[in-house]
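Peer 1: File model-v9.txt below, compact mmCIF, C-alpha atoms:
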# COMPACT_ATOMS: atom_id res chain seq x y z
CA MET A 42 -2.98 -0.08 17.93
CA ILE A 43 -5.56 -0.16 15.20
CA GLY A 44 -5.87 -2.31 12.14
CA ILE A 45 -4.09 -5.35 13.57
CA SER A 46 -6.47 -7.93 12.22
CA PRO A 47 -6.16 -9.79 8.99
CA PRO A 48 -6.48 -9.19 6.09
CA THR A 49 -4.34 -6.18 6.74
CA HIS A 50 -1.96 -5.08 9.40
CA VAL A 51 -0.63 -1.55 9.35
CA GLU A 52 2.43 -0.62 11.36
CA HIS A 53 3.86 2.86 11.70
CA VAL A 54 7.59 2.42 11.53
CA MET A 55 10.59 3.87 9.67
CA GLY A 56 8.69 7.14 9.23
CA THR A 57 5.98 5.55 7.12
CA ALA A 58 2.93 3.30 7.25
CA VAL A 59 3.84 -0.30 6.42
CA LEU A 60 0.88 -2.34 5.28
CA PHE A 61 0.88 -6.14 5.37
CA ASP A 62 -1.74 -7.81 3.18
CA VAL A 63 -1.75 -11.52 4.02
CA ARG A 64 -5.16 -12.17 2.48
CA GLY A 65 -6.90 -13.26 5.62
CA ASP A 66 -4.32 -15.86 6.56
CA ARG A 67 -5.23 -16.18 10.21
CA SER A 68 -2.19 -18.24 11.01
CA ALA A 69 -0.05 -15.26 10.13
CA GLN A 70 -0.01 -13.54 13.53
CA ASP A 71 3.32 -14.97 14.74
CA ALA A 72 4.92 -14.13 11.41
CA LEU A 73 3.55 -10.59 11.51
CA ASP A 74 4.74 -10.09 15.09
CA GLU A 75 8.26 -11.16 14.18
CA ALA A 76 8.34 -9.07 10.99
CA VAL A 77 7.07 -5.98 12.80
CA ALA A 78 9.60 -6.41 15.61
CA MET A 79 12.34 -6.68 13.00
CA LEU A 80 11.20 -3.44 11.32
CA HIS A 81 11.35 -1.62 14.67
CA TRP A 82 14.88 -2.95 15.13
CA VAL A 83 15.78 -1.54 11.72
CA ASP A 84 14.27 1.81 12.72
CA ALA A 85 16.21 1.91 15.99
CA THR A 86 19.46 0.89 14.28
CA PHE A 87 19.36 2.93 11.06
CA SER A 88 17.33 6.05 11.88
CA VAL A 89 19.12 9.31 11.24
CA HIS A 90 16.62 10.98 13.54
CA ARG A 91 17.72 9.05 16.62
CA HIS A 92 20.97 10.11 18.24
CA ASP A 93 21.47 6.65 19.71
CA SER A 94 21.08 4.73 16.43
CA GLU A 95 24.17 2.99 15.14
CA ILE A 96 23.99 5.08 11.96
CA SER A 97 24.01 8.31 14.00
CA GLN A 98 26.89 7.01 16.12
CA ILE A 99 28.86 6.09 13.00
CA SER A 100 28.06 9.49 11.52
CA MET A 101 29.36 11.24 14.63
CA GLY A 102 32.50 9.12 14.72
CA GLU A 103 31.49 7.40 17.95
CA LEU A 104 31.21 3.95 16.39
CA ALA A 105 33.38 2.21 13.83
CA VAL A 106 31.55 0.37 11.07
CA VAL A 107 33.41 -2.84 11.93
CA ASP A 108 32.04 -2.64 15.49
CA ALA A 109 28.47 -2.11 14.34
CA ASP A 110 25.88 -4.81 13.70
CA PRO A 111 26.90 -6.89 10.65
CA ARG A 112 23.68 -5.82 8.95
CA VAL A 113 24.80 -2.19 9.16
CA TRP A 114 27.90 -3.15 7.24
CA GLU A 115 25.75 -5.05 4.75
CA VAL A 116 23.54 -2.02 4.13
CA LEU A 117 26.42 0.44 3.83
CA ALA A 118 28.24 -1.87 1.40
CA ALA A 119 25.10 -2.09 -0.75
CA CYS A 120 24.74 1.71 -0.64
CA ASP A 121 28.37 2.13 -1.73
CA ALA A 122 27.77 -0.23 -4.66
CA LEU A 123 24.60 1.64 -5.66
CA GLN A 124 26.36 4.98 -5.46
CA ARG A 125 29.07 3.73 -7.81
CA GLY A 126 26.52 1.95 -10.02
CA THR A 127 24.48 5.12 -10.50
CA SER A 128 27.46 7.44 -11.04
CA GLY A 129 26.57 9.14 -7.77
CA ALA A 130 22.92 9.81 -8.57
CA PHE A 131 22.08 7.67 -5.56
CA ASP A 132 23.92 9.29 -2.69
CA HIS A 133 23.78 7.98 0.87
CA ARG A 134 26.08 10.74 2.08
CA PRO A 135 24.24 13.88 0.94
CA ASN A 136 26.10 16.94 2.22
CA GLY A 137 28.58 14.61 3.89
CA VAL A 138 26.06 13.22 6.38
CA LEU A 139 25.54 9.45 6.43
CA ASP A 140 21.91 8.73 5.45
CA PRO A 141 21.19 5.30 3.95
CA SER A 142 17.39 5.79 4.28
CA GLY A 143 16.88 5.67 0.51
CA TYR A 144 17.97 2.03 0.52
CA VAL A 145 17.21 0.87 4.07
CA LYS A 146 13.43 0.99 3.83
CA GLY A 147 13.26 -1.33 0.83
CA TRP A 148 15.97 -3.58 2.26
CA ALA A 149 13.99 -3.87 5.51
CA VAL A 150 10.74 -4.71 3.70
CA GLU A 151 12.55 -7.48 1.80
CA ALA A 152 13.78 -8.80 5.15
CA ALA A 153 10.22 -8.64 6.51
CA ALA A 154 9.01 -10.60 3.48
CA ASP A 155 11.69 -13.21 4.19
CA VAL A 156 10.34 -13.52 7.74
CA LEU A 157 6.81 -14.21 6.45
CA THR A 158 8.15 -16.70 3.90
CA ARG A 159 10.10 -18.51 6.63
CA HIS A 160 6.84 -18.84 8.57
CA GLY A 161 5.28 -20.60 5.60
CA LEU A 162 3.30 -17.74 4.06
CA THR A 163 3.31 -17.99 0.28
CA SER A 164 0.98 -15.23 -0.88
CA PHE A 165 1.28 -11.74 0.57
CA LEU A 166 2.09 -8.14 -0.17
CA ILE A 167 3.93 -5.57 1.93
CA SER A 168 3.66 -1.89 1.05
CA ALA A 169 5.85 0.68 2.78
CA GLY A 170 4.43 4.03 1.78
CA GLY A 171 3.75 2.79 -1.76
CA ASP A 172 7.00 0.86 -2.20
CA ILE A 173 5.90 -2.74 -2.49
CA VAL A 174 7.19 -6.30 -2.20
CA ALA A 175 4.85 -9.02 -3.48
CA ARG A 176 5.25 -12.76 -3.06
CA GLY A 177 3.10 -15.36 -4.76
CA ALA A 178 -0.26 -14.19 -6.05
CA PRO A 179 -3.76 -13.66 -4.66
CA ALA A 180 -6.08 -16.66 -4.98
CA GLY A 181 -7.27 -17.04 -8.55
CA ALA A 182 -4.87 -14.47 -10.00
CA ASP A 183 -1.54 -14.64 -11.79
CA GLY A 184 -0.07 -11.79 -9.79
CA TRP A 185 -0.73 -8.76 -7.66
CA ARG A 186 -2.25 -5.80 -9.50
CA ILE A 187 -0.41 -2.64 -8.53
CA GLY A 188 -1.70 0.71 -9.72
CA ILE A 189 0.95 3.27 -10.66
CA GLN A 190 -0.07 6.59 -9.22
CA ASP A 191 -0.55 9.51 -11.59
CA PRO A 192 2.09 11.85 -10.13
CA THR A 193 0.06 14.88 -11.15
CA LYS A 194 -3.33 13.85 -9.79
CA PRO A 195 -3.99 12.12 -6.45
CA GLY A 196 -6.50 9.30 -6.76
CA SER A 197 -5.74 8.54 -10.41
CA THR A 198 -3.39 6.01 -11.95
CA VAL A 199 -1.47 5.96 -15.20
CA GLY A 200 -1.56 2.18 -15.46
CA THR A 201 -0.91 -1.12 -13.76
CA VAL A 202 2.02 -3.39 -13.15
CA GLU A 203 1.58 -7.01 -12.18
CA LEU A 204 3.90 -8.30 -9.49
CA HIS A 205 4.81 -11.90 -8.75
CA ASP A 206 7.77 -12.52 -6.46
CA ASN A 207 9.23 -9.10 -7.18
CA ALA A 208 8.97 -5.47 -6.11
CA VAL A 209 8.10 -1.98 -7.29
CA ALA A 210 9.27 1.37 -5.97
CA SER A 211 8.19 4.81 -7.10
CA SER A 212 9.65 8.27 -6.74
CA GLY A 213 7.85 11.38 -7.76
CA LEU A 214 6.61 14.84 -7.12
CA TYR A 215 3.99 13.51 -4.74
CA GLU A 216 6.43 12.27 -2.13
CA ARG A 217 6.30 13.72 1.32
CA GLY A 218 9.50 13.83 3.28
CA SER A 219 11.28 12.33 0.33
CA HIS A 220 14.94 11.66 -0.06
CA ILE A 221 15.05 13.33 -3.43
CA TRP A 222 17.83 15.74 -4.03
CA GLY A 223 19.99 17.11 -6.81
CA ILE A 224 17.09 18.03 -9.09
CA THR A 225 18.28 20.65 -11.54
CA GLY A 226 16.59 22.52 -14.32
CA GLU A 227 18.88 21.16 -17.00
CA ASN A 228 17.57 17.60 -16.61
CA GLU A 229 14.61 16.36 -18.54
CA ALA A 230 11.91 16.79 -15.93
CA LEU A 231 9.98 13.71 -14.90
CA ALA A 232 6.88 13.77 -12.76
CA GLY A 233 7.45 10.26 -11.49
CA VAL A 234 9.49 7.09 -11.94
CA SER A 235 8.65 3.52 -10.99
CA ILE A 236 11.19 0.69 -10.98
CA VAL A 237 10.16 -2.98 -11.05
CA GLY A 238 12.71 -5.62 -10.11
CA PRO A 239 13.71 -8.45 -7.81
CA ASP A 240 14.84 -6.39 -4.80
CA LEU A 241 12.93 -3.46 -3.29
CA GLY A 242 16.01 -1.80 -1.77
CA VAL A 243 17.71 -1.60 -5.17
CA ALA A 244 14.45 -0.64 -6.93
CA ASP A 245 13.89 2.19 -4.42
CA ALA A 246 17.44 3.49 -4.80
CA LEU A 247 17.21 3.36 -8.60
CA ALA A 248 13.81 5.12 -8.65
CA THR A 249 15.24 7.87 -6.45
CA ALA A 250 18.33 8.17 -8.64
CA VAL A 251 16.47 8.22 -11.98
CA PHE A 252 14.00 10.77 -10.69
CA ALA A 253 16.81 12.97 -9.44
CA SER A 254 18.98 12.79 -12.55
CA GLY A 255 16.41 12.44 -15.34
CA LEU A 256 16.39 9.59 -17.85
CA ARG A 257 18.85 11.35 -20.14
CA HIS A 258 21.53 11.13 -17.47
CA ALA A 259 20.64 7.63 -16.28
CA SER A 260 22.51 5.54 -18.86
CA TRP A 261 23.85 3.51 -15.92
CA LEU A 262 20.36 2.00 -15.70
CA ALA A 263 21.50 -0.38 -18.47
CA ASP A 264 23.83 -1.94 -15.88
CA PHE A 265 20.76 -3.14 -13.97
CA PRO A 266 19.18 -5.47 -16.56
CA ASP A 267 16.84 -7.07 -13.99
CA TYR A 268 15.20 -3.72 -13.28
CA ALA A 269 12.57 -2.20 -15.57
CA PHE A 270 11.47 1.42 -15.48
CA ILE A 271 8.23 3.27 -16.07
CA ALA A 272 8.75 7.03 -16.25
CA VAL A 273 5.93 9.58 -16.36
CA THR A 274 6.45 13.07 -17.74
CA PRO A 275 4.53 16.09 -16.43
CA ASP A 276 2.28 15.92 -19.53
CA LEU A 277 1.64 12.23 -18.76
CA ARG A 278 3.67 10.64 -21.52
CA ILE A 279 4.89 7.20 -20.47
CA LEU A 280 8.48 6.24 -21.16
CA ARG A 281 9.30 2.68 -20.24
CA SER A 282 11.67 -0.18 -20.78
CA ARG A 283 10.38 -3.01 -22.90
CA ALA A 284 10.69 -5.43 -20.00
CA ALA A 285 8.36 -3.42 -17.76
CA PRO A 286 5.24 -5.49 -16.91
CA PHE A 287 3.13 -2.41 -17.46
CA VAL A 288 -0.36 -1.94 -18.87
CA GLY A 289 -1.45 1.64 -19.47
CA ALA A 290 -4.70 2.96 -18.02
CA MET B 177 -24.86 12.60 -5.96
CA GLN B 178 -24.93 8.89 -5.67
CA ARG B 179 -24.23 9.02 -1.97
CA THR B 180 -27.15 11.31 -1.31
CA LEU B 181 -29.53 9.30 -3.45
CA SER B 182 -28.65 6.00 -1.89
CA LEU B 183 -28.83 7.44 1.58
CA ILE B 184 -32.25 8.90 0.89
CA GLY B 185 -33.23 5.53 -0.51
CA LEU B 186 -32.61 3.88 2.79
CA LEU B 187 -35.00 3.85 5.66
CA VAL B 188 -32.36 3.84 8.29
CA VAL B 189 -33.53 2.15 11.41
CA GLY B 190 -30.02 1.40 12.49
CA VAL B 191 -30.40 -2.09 13.79
CA LEU B 192 -27.09 -3.15 15.15
CA LEU B 193 -26.80 -6.74 14.06
CA LEU B 194 -23.29 -7.70 14.84
CA PHE B 195 -20.13 -6.37 16.26
CA ASN B 196 -17.20 -8.04 14.59
CA PRO B 197 -14.02 -7.63 16.61
CA ASP B 198 -11.79 -8.25 13.62
CA THR B 199 -12.51 -5.45 11.28
CA GLY B 200 -15.24 -3.34 12.67
CA LEU B 201 -18.93 -2.88 12.97
CA VAL B 202 -21.42 -4.43 10.67
CA THR B 203 -24.71 -2.63 10.83
CA ALA B 204 -27.81 -3.52 8.97
CA VAL B 205 -30.44 -1.07 7.90
CA ALA B 206 -33.85 -2.07 6.68
CA SER B 207 -34.34 -1.33 3.04
CA ASP B 208 -37.62 -0.02 1.75
CA VAL B 209 -38.21 -3.45 0.19
CA ALA B 210 -37.21 -5.99 2.79
CA VAL B 211 -37.22 -9.05 0.58
CA ALA B 212 -36.44 -12.15 2.55
CA GLN B 213 -33.54 -13.12 0.35
CA PRO B 214 -30.68 -14.27 2.47
CA VAL B 215 -27.32 -12.89 1.47
CA MET B 216 -24.26 -14.64 2.68
CA ALA B 217 -21.51 -12.16 3.10
CA GLU B 218 -18.74 -14.75 3.15
CA ALA B 219 -19.59 -15.90 -0.38
CA PRO B 220 -16.69 -16.64 -2.71
CA ALA B 221 -15.06 -13.47 -3.95
CA THR B 222 -16.74 -12.41 -7.15
CA THR B 223 -16.80 -8.98 -8.62
CA GLY B 224 -20.09 -7.27 -9.02
CA GLU B 225 -22.41 -10.24 -9.04
CA PRO B 226 -24.87 -10.62 -6.21
CA PRO B 227 -23.97 -13.56 -3.99
CA LEU B 228 -26.32 -16.50 -4.34
CA PRO B 229 -28.46 -17.36 -1.37
CA GLU B 230 -26.80 -20.11 0.55
CA VAL B 231 -26.12 -21.10 4.06
CA PRO B 232 -22.66 -20.76 5.59
CA ALA B 233 -20.50 -23.75 4.87
CA ALA B 234 -19.73 -25.95 7.81
CA GLY B 235 -16.33 -25.21 9.24
CA SER B 236 -16.05 -21.67 7.94
CA PRO B 237 -14.43 -19.41 10.51
CA PRO B 238 -17.15 -18.06 12.78
CA SER B 239 -15.43 -14.72 13.17
CA THR B 240 -15.87 -13.95 9.47
CA THR B 241 -19.34 -15.34 8.95
CA LEU B 242 -21.98 -12.69 8.86
CA PRO B 243 -25.60 -13.37 9.56
CA THR B 244 -27.89 -13.62 6.59
CA ILE B 245 -29.02 -10.13 5.81
CA SER B 246 -31.73 -9.10 3.44
CA GLY B 247 -31.95 -5.86 1.56
CA THR B 248 -29.46 -3.17 2.27
CA TYR B 249 -26.70 -3.16 4.80
CA SER B 250 -23.41 -1.49 5.41
CA VAL B 251 -19.98 -2.71 6.41
CA LEU B 252 -17.46 -0.56 8.19
CA GLY B 253 -13.89 -0.91 6.96
CA ALA B 254 -10.89 -1.07 9.25
CA SER B 255 -9.63 2.21 10.60
CA ILE B 256 -6.24 2.66 8.96
CA PRO B 257 -3.71 5.07 10.39
CA SER B 258 -1.97 7.28 7.87
CA GLU B 259 0.83 9.68 8.54
CA PHE B 260 -1.62 12.48 9.20
CA GLY B 261 -4.52 10.70 10.85
CA LEU B 262 -7.01 7.89 10.68
CA PHE B 263 -8.79 6.87 7.51
CA GLN B 264 -11.94 4.78 7.50
CA VAL B 265 -14.65 4.04 4.97
CA GLU B 266 -18.03 2.38 5.15
CA ILE B 267 -19.55 0.58 2.18
CA VAL B 268 -23.25 0.19 1.51
CA ILE B 269 -24.37 -3.03 -0.12
CA GLU B 270 -27.70 -3.47 -1.83
CA SER B 271 -28.64 -6.94 -3.07
CA GLY B 272 -25.01 -7.97 -3.03
CA VAL B 273 -23.77 -4.94 -4.94
CA MET B 274 -21.76 -2.11 -3.42
CA VAL B 275 -23.78 1.01 -4.12
CA ASP B 276 -21.97 3.55 -2.00
CA VAL B 277 -18.71 4.28 -0.25
CA ILE B 278 -18.83 6.71 2.63
CA THR B 279 -15.70 8.21 4.08
CA VAL B 280 -16.28 7.97 7.81
CA SER B 281 -13.05 9.54 8.96
CA GLU B 282 -10.15 11.23 7.25
CA PRO B 283 -7.09 13.16 8.39
CA ALA B 284 -8.11 16.63 9.50
CA ASP B 285 -4.95 18.62 8.91
CA ARG B 286 -5.16 21.42 6.41
CA ARG B 287 -2.98 19.90 3.71
CA SER B 288 -4.73 16.53 3.81
CA LYS B 289 -8.09 18.28 3.64
CA ARG B 290 -7.05 20.21 0.57
CA ILE B 291 -5.82 17.04 -1.18
CA ASN B 292 -8.78 14.96 -0.07
CA ARG B 293 -11.35 17.47 -1.24
CA ASP B 294 -10.32 16.69 -4.82
CA ALA B 295 -9.28 13.11 -4.37
CA ILE B 296 -12.04 11.45 -2.35
CA PRO B 297 -14.78 11.84 -4.99
CA VAL B 298 -12.37 10.20 -7.47
CA TYR B 299 -11.71 7.31 -5.08
CA GLU B 300 -15.42 6.79 -4.45
CA GLU B 301 -16.40 6.90 -8.09
CA SER B 302 -13.61 4.48 -9.00
CA ALA B 303 -14.52 2.08 -6.21
CA ILE B 304 -18.20 1.96 -7.11
CA SER B 305 -17.71 1.73 -10.86
CA THR B 306 -15.30 -1.18 -10.56
CA GLN B 307 -17.02 -2.82 -7.57
CA SER B 308 -13.65 -3.30 -5.97
CA ALA B 309 -10.59 -1.53 -4.78
CA GLU B 310 -9.44 -2.30 -8.36
CA PHE B 311 -5.83 -2.62 -7.31
CA ASP B 312 -4.21 -4.75 -4.66
CA ALA B 313 -2.03 -1.76 -3.84
CA ILE B 314 -0.87 1.54 -5.28
CA SER B 315 2.78 2.37 -5.87
CA GLY B 316 3.71 5.97 -5.30
CA ALA B 317 0.36 6.68 -3.72
CA THR B 318 -0.17 9.51 -1.37
CA VAL B 319 -0.49 8.20 2.16
CA THR B 320 -4.14 9.15 1.99
CA TRP B 321 -4.98 6.99 -0.96
CA GLY B 322 -3.08 4.05 0.45
CA ALA B 323 -5.03 4.28 3.69
CA TYR B 324 -8.33 4.80 1.86
CA ALA B 325 -7.74 1.74 -0.33
CA ALA B 326 -6.71 -0.39 2.65
CA SER B 327 -9.86 0.50 4.58
CA LEU B 328 -12.01 -0.11 1.50
CA GLU B 329 -10.35 -3.44 0.85
CA SER B 330 -10.92 -4.59 4.41
CA ALA B 331 -14.62 -3.71 4.11
CA LEU B 332 -14.91 -5.57 0.79
CA VAL B 333 -13.22 -8.65 2.20
CA GLU B 334 -15.47 -8.53 5.25
CA ALA B 335 -18.53 -8.24 3.02
CA GLY B 336 -17.36 -11.09 0.81
CA LEU B 337 -17.47 -8.96 -2.32
Take the structure in the file and give it back as structure tokens.

Peer 2:
Amino acid sequence: MIGISPPTHVEHVMGTAVLFDVRGDRSAQDALDEAVAMLHWVDATFSVHRHDSEISQISMGELAVVDADPRVWEVLAACDALQRGTSGAFDHRPNGVLDPSGYVKGWAVEAAADVLTRHGLTSFLISAGGDIVARGAPAGADGWRIGIQDPTKPGSTVGTVELHDNAVASSGLYERGSHIWGITGENEALAGVSIVGPDLGVADALATAVFASGLRHASWLADFPDYAFIAVTPDLRILRSRAAPFVGA
Amino acid sequence: MQRTLSLIGLLVVGVLLLFNPDTGLVTAVASDVAVAQPVMAEAPATTGEPPLPEVPAAGSPPSTTLPTISGTYSVLGASIPSEFGLFQVEIVIESGVMVDVITVSEPADRRSKRINRDAIPVYEESAISTQSAEFDAISGATVTWGAYAASLESALVEAGL
């Protein structure tokens, strides 16, 4: 295992690289160990790529939801609510197969952040493949400076959001192995969407849903007043909600 | 090419000063003008300004305290695994200012190579011009950029920049 030491710890889990930035807090090792173990539990329980995961067993009819871990029920209930709340643009049963991955990753990172908080850490950032939970702020700063990737050009950003006790998730053309589906030519094409809000699971699901449906067909976003959007068009116009803590490049 | 110039500018004698088990190797190379100006690498985080000469504060963690180094030296960032392979950078510091970022290792698969060919010069230019990783993190980043930034950040923290 490489990269264990503070200030960063990187763990490969849930099909992505999860980076913990605890700013050199050398008392963080126990907290990191517990958070990482929890993420591996999430992977083993929710992975659609493992035949023995509870999600796979539920999908195959071998396990009833009521007999599964209570957290499985919690996740599936949240997915159902998000599916209704987005008029189906977020879909955790694409093609009839149970796949809550679009919500689980963010939900798990929030849970990992709760583990670090319980261990007394007050200032840290966790990034799971570019979907980020931030708590507190780095020393001497008001918040964490998060660059929003230019979806059309690796290595460039279109601007910055500042996070403080909230989260940002992005969906876009750059994603590898993404859970994006339902993109059709009739929608206003977006190159990328970022959602800033209090919960990473919800932000991730909404980013996925807005990117898939296009802003024109995402009027349901008004039902999520705590979540702000920053949308980037292929010609790099920025469309954003007034509440978005965004500063253009 | 800034990298080429700065490399030519160094008389690399490759004196291994310290192996730091936390984040990697710290190697010092003699600069052409070896002024005896001590540089404390664990100086308070400032951006761009050369750290003032001072001795390590009592009680600072020994594992992060670098020896006083004059002239030019380099700090190896942590090796960060990305989905397609390891990413690692090395920064070169001259009189307390980062003058170069060298990509030591990068994922070798064909797709990563194609992306990185365009992207890495942008990363390096951005890092040097801002004297920092500029962002604490990137949302929506390619795995490559995330790993690059993490390695760079670890090197900057280690160098006290």

Peer 1: Would you work out the distance separating CA of Ile256 (chain B) from CA of Arg293 (chain B), expressed in Å to one decimal?

Peer 2: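 Between these atoms lies a distance of 18.7 Å.
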
Peer 1: If you measure from CA of Gly177 (chain A) to CA of Gln70 (chain A), what distance in Å do you get, rounded to one decimal?

Peer 2: 18.6 Å

Peer 1: Between A:Ala269, A:Leu247, A:Val237, A:Ile187, which residue has the minimum interatomic distance to chain B, considering all atoms listed in the file?

Peer 2: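 Using all atoms listed in the file, the shortest distance to chain B belongs to A:Ile187.
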
Peer 1: Would you compute the distance between CA of Ile99 (chain A) and CA of Asp121 (chain A)? Give it in Å to one decimal.

Peer 2: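 If I compute the distance from CA of Ile99 (chain A) to CA of Asp121 (chain A), I get 15.3 Å.
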
Peer 1: Can you pull out every residue within 12 Å of Glu103 (chain A), counting only C-alpha atoms, but drop anything in the same chain fewer than 6 positions away, and send it as a PyMOL selection string?

Peer 2: chain A and resi 92-97+109

Peer 1: So, counting all atoms listed in the file, which residue among B:Ser281, B:Thr248, B:Ser330, B:Ser288 is closest to chain A?

Peer 2: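 Of all the options, B:Ser330 lies closest to chain A.
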
Peer 1: Name the closest residue to chain B among the candidates A:Val77, A:Ala259, A:Val202, A:Leu280; distances are taken between atoms, counting only C-alpha atoms.

Peer 2: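 The shortest atom-to-atom distance to chain B comes from A:Val202.
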
Peer 1: I'd like to know which of A:Glu75, A:Asp191, A:Asp276, A:Asp110 is closest to chain B, using only C-alpha atoms.

Peer 2: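 With only C-alpha atoms as the atom set, the closest residue is A:Asp191.
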
Peer 1: Can you pull out the residues contacting Val277 (chain B)? Cut-off 7 Å, using all atoms listed in the file, and skip same-chain residues under 2 positions away; I want them as a PDB file with C-alpha atoms, in the coordinates of the input.

Peer 2:
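Final output, saved to result-v2.pdb:
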ATOM      1  CA  VAL B 265     -14.650   4.040   4.970  1.00  0.00           C
ATOM      2  CA  GLU B 266     -18.030   2.380   5.150  1.00  0.00           C
ATOM      3  CA  ILE B 267     -19.550   0.580   2.180  1.00  0.00           C
ATOM      4  CA  VAL B 268     -23.250   0.190   1.510  1.00  0.00           C
ATOM      5  CA  THR B 279     -15.700   8.210   4.080  1.00  0.00           C
ATOM      6  CA  GLU B 300     -15.420   6.790  -4.450  1.00  0.00           C
TER       7      GLU B 300
END

Peer 1: With a distance cut-off of 9 Å and all atoms listed in the file, select the neighbouring residues of Gly200 (chain A), excluding the residue or stretch itself and same-chain residues fewer than 2 positions from it, and output the selection as number ranges by chain.

Peer 2: A: 187-191, 198, 202, 287-290

Peer 1: Here is a test: counting all atoms listed in the file, which residue of B:Ile296, B:Val251, B:Phe260, B:Ala284 is nearest to Tyr324 (chain B)?

Peer 2: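 Distance minimum relative to Tyr324 (chain B) lands on B:Ile296.
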
Peer 1: Select all residues near (15.1, -9.0, 2.8) (cut-off 12 Å, inclusive, file coordinates), counting all atoms listed in the file, and output them as a short mmCIF file (atom, residue, chain, number, x, y, z; two decimals) with C-alpha atoms, keeping the file's coordinate frame.

Peer 2:
data_model
loop_
_atom_site.label_atom_id
_atom_site.label_comp_id
_atom_site.auth_asym_id
_atom_site.auth_seq_id
_atom_site.Cartn_x
_atom_site.Cartn_y
_atom_site.Cartn_z
CA ALA A 76 8.34 -9.07 10.99
CA MET A 79 12.34 -6.68 13.00
CA LEU A 80 11.20 -3.44 11.32
CA VAL A 83 15.78 -1.54 11.72
CA ARG A 112 23.68 -5.82 8.95
CA GLU A 115 25.75 -5.05 4.75
CA VAL A 116 23.54 -2.02 4.13
CA TYR A 144 17.97 2.03 0.52
CA VAL A 145 17.21 0.87 4.07
CA LYS A 146 13.43 0.99 3.83
CA GLY A 147 13.26 -1.33 0.83
CA TRP A 148 15.97 -3.58 2.26
CA ALA A 149 13.99 -3.87 5.51
CA VAL A 150 10.74 -4.71 3.70
CA GLU A 151 12.55 -7.48 1.80
CA ALA A 152 13.78 -8.80 5.15
CA ALA A 153 10.22 -8.64 6.51
CA ALA A 154 9.01 -10.60 3.48
CA ASP A 155 11.69 -13.21 4.19
CA VAL A 156 10.34 -13.52 7.74
CA LEU A 157 6.81 -14.21 6.45
CA THR A 158 8.15 -16.70 3.90
CA ARG A 159 10.10 -18.51 6.63
CA ILE A 167 3.93 -5.57 1.93
CA VAL A 174 7.19 -6.30 -2.20
CA ASN A 207 9.23 -9.10 -7.18
CA ALA A 208 8.97 -5.47 -6.11
CA PRO A 239 13.71 -8.45 -7.81
CA ASP A 240 14.84 -6.39 -4.80
CA LEU A 241 12.93 -3.46 -3.29
CA GLY A 242 16.01 -1.80 -1.77
CA VAL A 243 17.71 -1.60 -5.17
#

Peer 1: Using all atoms listed in the file, which of the listed residues (A:Arg278, A:Arg186, A:Arg257, A:Arg64) sits closest to chain B?

Peer 2: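 Among the listed residues, A:Arg186 lies closest to chain B.
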